[in-house]
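Written out below as structure tokens is the structure these notes cover.
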Amino acid sequence: MGWRVLCLCMFLGALFMLFNAQNAFVSCALTSQLQEEITRINGEGPYIGLVIPNSFELNPLLQNPAYTPSENIIDFAGRRFRFGSIGDKPVILVMTGLTITTQLLLSIFNIEGVVHYGIAGNANPSLNIGDVAIPQFWAHLTLWSWQRYGEGPSNTLPLEQNGDYTRNVGYLKFGDFMSNVSWGDSFDNLLNRIWYQPEEVFPVDGIPEQRQHALWVPVDYNYYQIATRLKKLKLDACINSTTCLSTTPKVEMVERGASASIYIDNAAYRSFIYKKFHVTPVEMESASVALICLQQRVPFIVIRALSDLAGGGSSDSNEADIFAPLAATNSVKVVIEFIKLLPSKSPKWSPM
């Protein structure tokens with residue numbers, strides 16, 4: 001399973017970029033001039049790193065008057081690092097997409113904490129589109145051991161005895177989701193079942209080459225306590241004068257969020273992961289940010305506005321096509337107010 005975990009490789013690659021102008025992994029070199037510029041900029045820190053999935057989630061922040069850009073911009077390794085401030089807090093903005101840009105950010109710049117924000121699907125039937133969810137824990141739920149047909153829960157998984165895989169997290173059985181069958185039919189499926197697996201991590205304060213396992217990664221305790229002060233924040237409910245939500249959006253502190261390498265737009269799976277794992281926001285990026293921050297012992301928090309029901313709404317279309325801009329705006333509102341509440345000097349990493 002270790003070869004599937006990219007975090008350590010990204011860390012080593014980032015360090016290699018720092019000390020080698022002829023880096024084999026990137027198309028650009030960290031020149032002496034750029035190193036001097038980074039040293040100068042780091043002297044103006046530490047910064048809060050804002051890791052943002054996509055441009056439609058970045059643009060509302062760039063256009064918000066609470067964000068003051070500086071003249072500093074660094075383009076490196078296919079990423080643009082924008083510098084500025086929110087209130088009296090220096091910040092660095094970087095768009096991550098679906099890659100582990102967080103490690104690059106932490107390896108190069110003077111970062112005191114990470115705030116990841118954006119939109120997400122909603123698996124929680126008690127929350128609504130437009131709400132902003134702030135989970136205590138994050139997990140990556142598409143690392144699986146796919147069990148062969150004919151075997152069941154009592155059968156040991158391949159490499160389980162070596163500690164590579166486990167049956168402790170639980171499984172999804174495809175036969176439980178059959179349709180168009182009668183009571184006399186067999187509720188079986190050749191796809192059998194998948195077993196959910198934790199990730200491997202190698203913390204900076206751990207023993208080199210001695211892996212640890214992590215499934216539900218906690219956000220920073222102090223950040224989470226600060227975020228609870230935002231529960232009465234007023235959020236937008238309308239896209240325009242004719243299109244508004246039927247409920248008033250709110251900030252909710254929730255138990256769990258989940259990332260996956262798939263876009264979830266399926267009512268059955270939405271219901272399954274909520275009942276099994278009690279997750280609220282479902283998306284693609286936050287768990288990778290969480291795992292990197294866990295490894296590097298850097299405080300982090302994730303703020304996600306709910307743009308759709310992850311398949312639980314109307315069969316006509318996915319709600320994100322309509323409400324993604326509204327959700328992105330609400331996520332930015334919460335992020336700005338959260339950063340304004342941070343102390344001038346943030347405490348060290350403190351998990352929940």
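Simple scheme: letters A, B, ... for chains in structure tokens order, numbers from 1 for residues in each chain, numbers from 1 for ligands in the order shown.
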Sorted by chain and rising residue number, list the residues of region 69-120 of chain A at most 12 Å from region 126-136 of chain A (counting only C-alpha atoms), each with its closest atom pair and distance in Å to one decimal, as a Markdown table.
```
| residue | atom | partner | partner_atom | distance |
| --- | --- | --- | --- | --- |
| A:Val115 | CA | A:Ile134 | CA | 11.2 |
| A:His116 | CA | A:Ile134 | CA | 10.6 |
| A:Tyr117 | CA | A:Ile134 | CA | 9.6 |
| A:Gly118 | CA | A:Val132 | CA | 9.6 |
| A:Ile119 | CA | A:Val132 | CA | 8.6 |
| A:Ala120 | CA | A:Ala133 | CA | 9.1 |
```
Counting only C-alpha atoms, which residues of region 237-351 of chain A sit at most 12 Å from some atom of region 158-171 of chain A, and what is each one's closest atom pair with its distance in Å to one decimal, listed by chain and rising residue number, as a tab-separated table?
```
residue	atom	partner	partner_atom	distance
A:Phe272	CA	A:Tyr171	CA	10.6
A:Ile273	CA	A:Tyr171	CA	10.5
A:Lys276	CA	A:Gly170	CA	8.7
A:Phe277	CA	A:Val169	CA	9.6
```
Same residues, N, CA, C and O atoms, output as a short mmCIF file (atom, residue, chain, number, x, y, z; two decimals), in the first residue's frame:
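Full text of result.cif as output:
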```
data_model
loop_
_atom_site.label_atom_id
_atom_site.label_comp_id
_atom_site.auth_asym_id
_atom_site.auth_seq_id
_atom_site.Cartn_x
_atom_site.Cartn_y
_atom_site.Cartn_z
N PHE A 272 -25.41 5.68 2.06
CA PHE A 272 -24.54 4.68 2.68
C PHE A 272 -23.42 5.34 3.49
O PHE A 272 -23.20 4.98 4.66
N ILE A 273 -22.70 6.29 2.89
CA ILE A 273 -21.55 6.85 3.61
C ILE A 273 -21.99 7.74 4.77
O ILE A 273 -21.26 7.87 5.76
N LYS A 276 -22.90 5.09 7.50
CA LYS A 276 -21.75 4.33 7.99
C LYS A 276 -20.70 5.21 8.67
O LYS A 276 -20.13 4.84 9.70
N PHE A 277 -20.44 6.39 8.06
CA PHE A 277 -19.34 7.21 8.56
C PHE A 277 -19.78 8.56 9.13
O PHE A 277 -18.96 9.29 9.66
#
```
If you take only C-alpha atoms and a cut-off of 12 Å, which residues of region 66-93 of chain A touch region 36-46 of chain A, and what are their nearest atom pairs and distances in Å to one decimal, in chain and number order, as JSON lines?
```
{"residue": "A:Ser70", "atom": "CA", "partner": "A:Ile41", "partner_atom": "CA", "distance": 10.9}
{"residue": "A:Glu71", "atom": "CA", "partner": "A:Ile41", "partner_atom": "CA", "distance": 11.0}
{"residue": "A:Asn72", "atom": "CA", "partner": "A:Ile41", "partner_atom": "CA", "distance": 8.0}
{"residue": "A:Ile73", "atom": "CA", "partner": "A:Ile41", "partner_atom": "CA", "distance": 10.0}
{"residue": "A:Ile74", "atom": "CA", "partner": "A:Ile38", "partner_atom": "CA", "distance": 8.4}
{"residue": "A:Asp75", "atom": "CA", "partner": "A:Ile38", "partner_atom": "CA", "distance": 11.2}
{"residue": "A:Phe76", "atom": "CA", "partner": "A:Ile38", "partner_atom": "CA", "distance": 11.0}
{"residue": "A:Phe81", "atom": "CA", "partner": "A:Ile38", "partner_atom": "CA", "distance": 10.9}
{"residue": "A:Arg82", "atom": "CA", "partner": "A:Ile41", "partner_atom": "CA", "distance": 11.3}
{"residue": "A:Phe83", "atom": "CA", "partner": "A:Ile41", "partner_atom": "CA", "distance": 9.0}
{"residue": "A:Gly84", "atom": "CA", "partner": "A:Gly45", "partner_atom": "CA", "distance": 10.8}
{"residue": "A:Ser85", "atom": "CA", "partner": "A:Gly45", "partner_atom": "CA", "distance": 10.8}
{"residue": "A:Asp88", "atom": "CA", "partner": "A:Gly45", "partner_atom": "CA", "distance": 11.5}
{"residue": "A:Lys89", "atom": "CA", "partner": "A:Pro46", "partner_atom": "CA", "distance": 9.0}
{"residue": "A:Pro90", "atom": "CA", "partner": "A:Gly45", "partner_atom": "CA", "distance": 6.7}
{"residue": "A:Val91", "atom": "CA", "partner": "A:Pro46", "partner_atom": "CA", "distance": 8.5}
{"residue": "A:Ile92", "atom": "CA", "partner": "A:Gly45", "partner_atom": "CA", "distance": 9.7}
```
**Asked** Looking at A:Ala260, A:Val289, A:Val204, A:Ile322, which one is nearest to Leu245 (chain A), with distances taken over only C-alpha atoms?
**Response**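 Among the listed residues, the smallest separation from Leu245 (chain A) belongs to A:Ile322.
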Note to self: Between CA of Glu252 (chain A) and CA of Ser314 (chain A), what distance in Å does the model show, to one decimal?
What the structure shows: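 Computing it gives 23.6 Å between the two atoms.
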Across A:Leu191, A:Ile100, A:Ala287, A:Leu326, the smallest distance to Asp236 (chain A), with only C-alpha atoms counted, is shown by A:Leu326
Problem set entry | Nearby residues (only C-alpha atoms) at most 8 Å from region 261-266 of chain A, same-chain spacing under 4 positions excluded, as a list in words | Gly121, Thr142, Arg270, Val282, Glu283, Met284, Leu309, Ala310, Gly311, Gly312 and Asn318 of chain A
Practice task
Could you pull out the residues in region 130-350 of chain A that DSSP calls strand (DSSP E or B) from the backbone, as a count of residues only?
Solution key: 54
- Go through A:Cys293, A:Leu172, A:Val334, A:Val279 one by one, measure the shortest atom-to-atom distance of each to Phe137 (chain A) using only C-alpha atoms, and give the residue with the smallest value.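 Checking each candidate against Phe137 (chain A), we get A:Val279 as the closest.
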Can you measure CA of Ser241 (chain A) to CA of Asn122 (chain A) for me? One decimal in Å is fine.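 About the pair CA of Ser241 (chain A) and CA of Asn122 (chain A): they are 24.9 Å apart.
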